[in-house]
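Q: Below is the structure I would like to discuss, written out as structure tokens.
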Amino acid sequence: MTTTLIDGIGLLYTGDPEREEIPDAALVLADGLVTWVGPAARAPDADKRLDVRGRAVIPGFVDSHAHLIFAGDRTAEFRARMSGEPYTGGGIRTTVAATRQAGDAELAARARALVTEMRAQGTTTVEIKSGYGLTVEDERRSLEIATGLTGETTFLGAHVVPADMDADSYVRLVAGEMLEACAPYAKWVDVFCERGAFDGDQTREILSAGMKAGLGVRVHANQLGEGPGVRIACELGAASADHCTHLTPADVDALASSETVATLLPGAEFSTRSPYPDARRLIDAGVTVALATDCNPGSSYTSSMAFCVALAVREMRMTPLEAIRAATYGGARALRRTDVGWLRPGARADLVVLDAPSYVHLAYRPGVPLVHQVLQGGLLLEEDIQNPPSDVVL
């Protein structure tokens with residue numbers, strides 16, 4: 001077993017609630033795992049050494065909400081929205097049409113490029129949803145492609161109702177034949193519980209069917225207005241309720257008294273000029289909060305977790321510590337993972353070396369490429385950042 005000492009760490013953010021920050025720190029890695037964490041002065045000997053010369057080190061970002069299997073472009077929609085002009089395009093259905101027409105190789109190449117882009121910015125774990133196929137075969141192949149990129153795959157056949165079907169018929173399809181075809185390629189089931197998408201009863205029906213098929217639960221909840229999504233997520237023991245933009249006191253209480261993580265997606269509010277979630281209210285209530293990119297072609301076409309950290313600090317009243325916690329440890333909680341999102345003995349050796357003395361610079365210097373090196377499973381990926389590979393597996 002070869003051991004590697006990483007020292008010269010100016011500030012280590014571990015993500016471990018028991019000791020989140022260690023100045024003048026060091027790590028020891030072996031067999032792809034963290035085996036020791038502590039002050040550099042007490043570090044044990046190792047076979048190899050990497051001196052990061054005073055830089056900060058954080059866990060790899062855990063992006064627990066992303067829509068990466070798609071084709072097409074929605075620039076016209078974004079341009080109209082930013083110009084205050086009416087837009088008569090099809091929104092999600094525009095992407096659905098393009099995705100259905102695209103071949104597997106095209107979809108895989110687009111998704112692979114986005115995962116590579118994410119990794120270059122420090123994301124070492126990513127969740128990928130379906131939801132732009134909306135037929136049995138297109139949802140199935142979307143998830144099959146996603147399995148080649150991550151173990152965190154989510155069946156989102158219930159994204160919107162296709163234009164050529166009525167809602168009741170589509171719900172029966174999603175909870176029946178489509179789920180049966182997709183479940184072998186999915187870890188999670190998700191529903192967009194929102195006006196214009198799926199109501200509370202439809203959401204429960206689909207999520208319950210997914211649970212019977214052995215899938216974990218996630219919910220798109222309360223993005224556009226108040227509704228039943230958050231409470232359904234908590235009632236069903238969902239791993240996360242995502243968006244959480246419009247919450248009643250009962251919603252906050254439900255989250256605080258459950259194990260469901262509130263995953264906030266500030267990229268969506270930034271890209272749609274919408275009100276941001278009140279992260280301060282959730283954190284003060286004791287809710288576990290995660291941050292994710294919501295990377296998708298329509299409402300949040302960003303792959304940068306660092307950008308979302310900066311937005312959370314500037315627009316959602318999170319402290320820099322709360323934001324980095326939400327982007328690492330919180331994301332892992334939203335995926336019910338204990339092997340990623342923190343750096344402590346036994347965790348996977350996924351870490352990011354920042355070209356800065358502290359993680360605070362992620363918000364202090366927004367938009368600046370601060371990722372110096374990425375290690376995934378203990379392997380240094382700096383060359384991959386400079387020369388992205390043709391294939392990436394997280």
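We label chains A, B, ... in the order they appear in the structure tokens, count residues from 1 in each chain, and number ligands from 1 in the order shown.
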Hey, what's within 8 Å of A:Pro320 if we count only C-alpha atoms and toss same-chain stuff fewer than 4 positions away? As number ranges by chain, please?
A: A: 309, 313, 324, 359-360, 363
Q: Kindly save the residues from that selection, with all heavy atoms included, as a compact mmCIF listing (two decimals), in the first residue's frame.
A:
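Done, and the output landed in selection-v4.txt:
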```txt
# COMPACT_ATOMS: atom_id res chain seq x y z
N VAL A 309 -21.72 28.86 -4.90
CA VAL A 309 -21.27 29.26 -3.57
C VAL A 309 -21.27 30.78 -3.46
O VAL A 309 -21.75 31.35 -2.47
CB VAL A 309 -19.87 28.68 -3.28
CG1 VAL A 309 -19.23 29.35 -2.07
CG2 VAL A 309 -19.95 27.17 -3.06
N VAL A 313 -23.67 33.16 -0.90
CA VAL A 313 -23.15 34.12 0.07
C VAL A 313 -23.71 35.51 -0.21
O VAL A 313 -24.17 36.22 0.70
CB VAL A 313 -21.61 34.12 0.05
CG1 VAL A 313 -21.06 35.24 0.93
CG2 VAL A 313 -21.07 32.77 0.52
N ILE A 324 -19.81 26.71 1.75
CA ILE A 324 -18.91 25.61 1.38
C ILE A 324 -19.38 24.31 2.00
O ILE A 324 -19.28 23.24 1.39
CB ILE A 324 -17.45 25.94 1.78
CG1 ILE A 324 -16.48 24.94 1.17
CG2 ILE A 324 -17.26 25.98 3.27
CD1 ILE A 324 -16.41 24.99 -0.34
N TYR A 359 -10.99 28.91 1.60
CA TYR A 359 -12.20 28.68 0.81
C TYR A 359 -13.06 29.94 0.70
O TYR A 359 -13.91 30.05 -0.21
CB TYR A 359 -13.04 27.55 1.42
CG TYR A 359 -13.54 27.86 2.82
CD1 TYR A 359 -14.68 28.62 3.02
CD2 TYR A 359 -12.83 27.41 3.94
CE1 TYR A 359 -15.11 28.94 4.31
CE2 TYR A 359 -13.27 27.72 5.22
CZ TYR A 359 -14.40 28.48 5.39
OH TYR A 359 -14.83 28.80 6.66
N VAL A 360 -12.86 30.91 1.59
CA VAL A 360 -13.63 32.16 1.55
C VAL A 360 -13.45 32.85 0.20
O VAL A 360 -14.35 33.54 -0.29
CB VAL A 360 -13.21 33.09 2.70
CG1 VAL A 360 -13.94 34.42 2.62
CG2 VAL A 360 -13.49 32.42 4.05
N ALA A 363 -16.14 32.93 -2.66
CA ALA A 363 -17.15 33.99 -2.69
C ALA A 363 -16.50 35.37 -2.80
O ALA A 363 -17.06 36.28 -3.42
CB ALA A 363 -18.03 33.93 -1.44
```
Q: Check stretch 144-267 of chain A with DSSP on the backbone and list each residue it calls helix (DSSP H, G or I), as a ChimeraX atom specification.
A: /A:144-147,167-185,200-212,229-235,249-256,266-267
Q: May I ask which of the residues A:Met82, A:Leu282, A:Ala40, A:Val217 is the closest one to A:Thr245, counting only C-alpha atoms?
A: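 Checking each of A:Met82, A:Leu282, A:Ala40, A:Val217 against A:Thr245, counting only C-alpha atoms, the winner is A:Leu282.
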Q: Could you write out, as a list in words, all the residues of stretch 253-353 of chain A that DSSP marks as strand (DSSP E or B)?
A: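 Taking stretch 253-353 of chain A and keeping strand (DSSP E or B) only, one gets Val261, Ala262, Thr263, Leu264, Val289, Ala290, Leu291, Cys295, Asn296, Ser300, Arg348, Leu351, Val352 and Val353 of chain A.
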Q: Please produce a file of the residues just selected, as a PDB file, in the first residue's frame, where the atoms kept are N, CA and C atoms.
A:
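The file below, selection-v8.pdb, is the result:
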```pdb
ATOM      1  N   VAL A 261     -33.125  16.853   3.067  1.00  0.00           N
ATOM      2  CA  VAL A 261     -32.239  17.995   2.845  1.00  0.00           C
ATOM      3  C   VAL A 261     -32.932  18.990   1.926  1.00  0.00           C
ATOM      4  N   ALA A 262     -32.800  20.266   2.221  1.00  0.00           N
ATOM      5  CA  ALA A 262     -33.276  21.324   1.334  1.00  0.00           C
ATOM      6  C   ALA A 262     -32.143  21.691   0.382  1.00  0.00           C
ATOM      7  N   THR A 263     -32.266  21.289  -0.873  1.00  0.00           N
ATOM      8  CA  THR A 263     -31.237  21.578  -1.862  1.00  0.00           C
ATOM      9  C   THR A 263     -31.602  22.861  -2.605  1.00  0.00           C
ATOM     10  N   LEU A 264     -30.760  23.862  -2.476  1.00  0.00           N
ATOM     11  CA  LEU A 264     -31.019  25.173  -3.062  1.00  0.00           C
ATOM     12  C   LEU A 264     -30.213  25.331  -4.347  1.00  0.00           C
ATOM     13  N   VAL A 289     -28.944  22.047   4.610  1.00  0.00           N
ATOM     14  CA  VAL A 289     -29.037  22.706   3.309  1.00  0.00           C
ATOM     15  C   VAL A 289     -27.905  22.219   2.408  1.00  0.00           C
ATOM     16  N   ALA A 290     -28.243  21.977   1.153  1.00  0.00           N
ATOM     17  CA  ALA A 290     -27.250  21.664   0.126  1.00  0.00           C
ATOM     18  C   ALA A 290     -27.318  22.725  -0.962  1.00  0.00           C
ATOM     19  N   LEU A 291     -26.228  22.888  -1.681  1.00  0.00           N
ATOM     20  CA  LEU A 291     -26.184  23.721  -2.877  1.00  0.00           C
ATOM     21  C   LEU A 291     -25.875  22.838  -4.076  1.00  0.00           C
ATOM     22  N   CYS A 295     -27.674  22.364 -13.314  1.00  0.00           N
ATOM     23  CA  CYS A 295     -27.187  22.568 -14.679  1.00  0.00           C
ATOM     24  C   CYS A 295     -28.187  22.001 -15.682  1.00  0.00           C
ATOM     25  N   ASN A 296     -28.737  22.881 -16.513  1.00  0.00           N
ATOM     26  CA  ASN A 296     -29.698  22.478 -17.540  1.00  0.00           C
ATOM     27  C   ASN A 296     -29.712  23.557 -18.611  1.00  0.00           C
ATOM     28  N   SER A 300     -30.701  27.210 -15.955  1.00  0.00           N
ATOM     29  CA  SER A 300     -29.479  27.336 -15.144  1.00  0.00           C
ATOM     30  C   SER A 300     -28.334  26.643 -15.865  1.00  0.00           C
ATOM     31  N   ARG A 348     -13.614   8.869   0.767  1.00  0.00           N
ATOM     32  CA  ARG A 348     -12.940   8.808  -0.509  1.00  0.00           C
ATOM     33  C   ARG A 348     -12.032  10.027  -0.649  1.00  0.00           C
ATOM     34  N   LEU A 351     -10.596  15.605  -3.395  1.00  0.00           N
ATOM     35  CA  LEU A 351     -10.285  16.907  -2.802  1.00  0.00           C
ATOM     36  C   LEU A 351      -9.830  17.891  -3.865  1.00  0.00           C
ATOM     37  N   VAL A 352      -9.945  19.158  -3.514  1.00  0.00           N
ATOM     38  CA  VAL A 352      -9.606  20.252  -4.414  1.00  0.00           C
ATOM     39  C   VAL A 352      -8.591  21.156  -3.728  1.00  0.00           C
ATOM     40  N   VAL A 353      -7.522  21.454  -4.432  1.00  0.00           N
ATOM     41  CA  VAL A 353      -6.532  22.427  -3.970  1.00  0.00           C
ATOM     42  C   VAL A 353      -6.869  23.754  -4.646  1.00  0.00           C
TER      43      VAL A 353
END
```
Q: Excluding stretch 218-230 of chain A and its own-chain neighbours fewer than 3 positions away, which residues fall within 10 Å of it when counting only C-alpha atoms? Please give them as a PyMOL selection string.
A: chain A and resi 65+154-156+159+188-196+198-201+203-204+207+215+233-248+250-252+254-255+260-265+268-269+274-277+334-335
Q: Quick one: residues within 12 Å of A:Leu11, only C-alpha atoms, excluding same-chain residues fewer than 5 positions away - as a ChimeraX atom specification?
A: /A:20-27,38-40,52-58,353-361
Q: Identify, on the basis of only C-alpha atoms, every residue whose closest approach to stretch 168-182 of chain A does not exceed 7 Å; exclude the query and any residue fewer than 3 positions from it along the same chain; express the result as a short mmCIF file (atom, residue, chain, number, x, y, z; two decimals) with C-alpha atoms, in the first residue's frame.
A:
```cif
data_model
loop_
_atom_site.label_atom_id
_atom_site.label_comp_id
_atom_site.auth_asym_id
_atom_site.auth_seq_id
_atom_site.Cartn_x
_atom_site.Cartn_y
_atom_site.Cartn_z
CA VAL A 136 -40.32 5.08 -22.51
CA GLU A 139 -36.07 8.11 -20.81
CA ARG A 140 -34.50 4.64 -20.68
CA LEU A 143 -30.52 6.96 -17.95
CA PHE A 155 -35.50 8.96 -13.20
CA GLY A 157 -39.96 11.01 -16.41
CA ALA A 158 -42.35 13.28 -14.49
CA VAL A 161 -46.56 16.29 -19.47
CA MET A 165 -50.71 13.28 -23.99
CA TYR A 185 -30.65 2.31 -14.70
CA ALA A 186 -31.78 4.59 -11.87
CA GLN A 202 -49.90 12.73 -9.18
CA ILE A 206 -45.36 8.36 -9.15
CA ALA A 209 -44.44 3.54 -7.54
#
```
Q: What is the distance, in Å and to one decimal place, between atom CA of A:Ala323 and atom CA of A:Met118?
A: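 Distance between the two atoms: 17.8 Å.
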Q: Leaving out A:Met305 and any residue of its chain fewer than 5 positions from it, which residues lie within 7 Å of it when counting only C-alpha atoms, given as an MDAnalysis selection string?
A: chainID A and resid 61 292:293
Q: Rank A:Asp138, A:Ala43, A:Glu85, A:Asp51 by their smallest atom-to-atom distance to A:Gly10, using only C-alpha atoms, and report the top residue only.
A: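 For A:Gly10, the nearest of the given residues is A:Asp51.
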Q: Can you tell me, as a list in words, what residues are no more than 9 Å from A:Met316 when counting only C-alpha atoms, ignoring any on the same chain fewer than 5 positions away?
A: Pro266, Tyr276, Pro277, Asp278, Ala279, Arg280 and Leu311 of chain A
Q: Could you check the closest approach to A:Leu379 for each of A:His67, A:Thr3, A:Gly72, A:Gly330 and tell me which residue wins, using only C-alpha atoms?
A: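 Once distances to A:Leu379 are computed over only C-alpha atoms, the minimum belongs to A:Thr3.
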Q: Ranking A:Ala120, A:Leu362, A:Ile92, A:Met1 by minimum distance to A:Gln376 and counting only C-alpha atoms, which one comes first?
A: A:Ala120
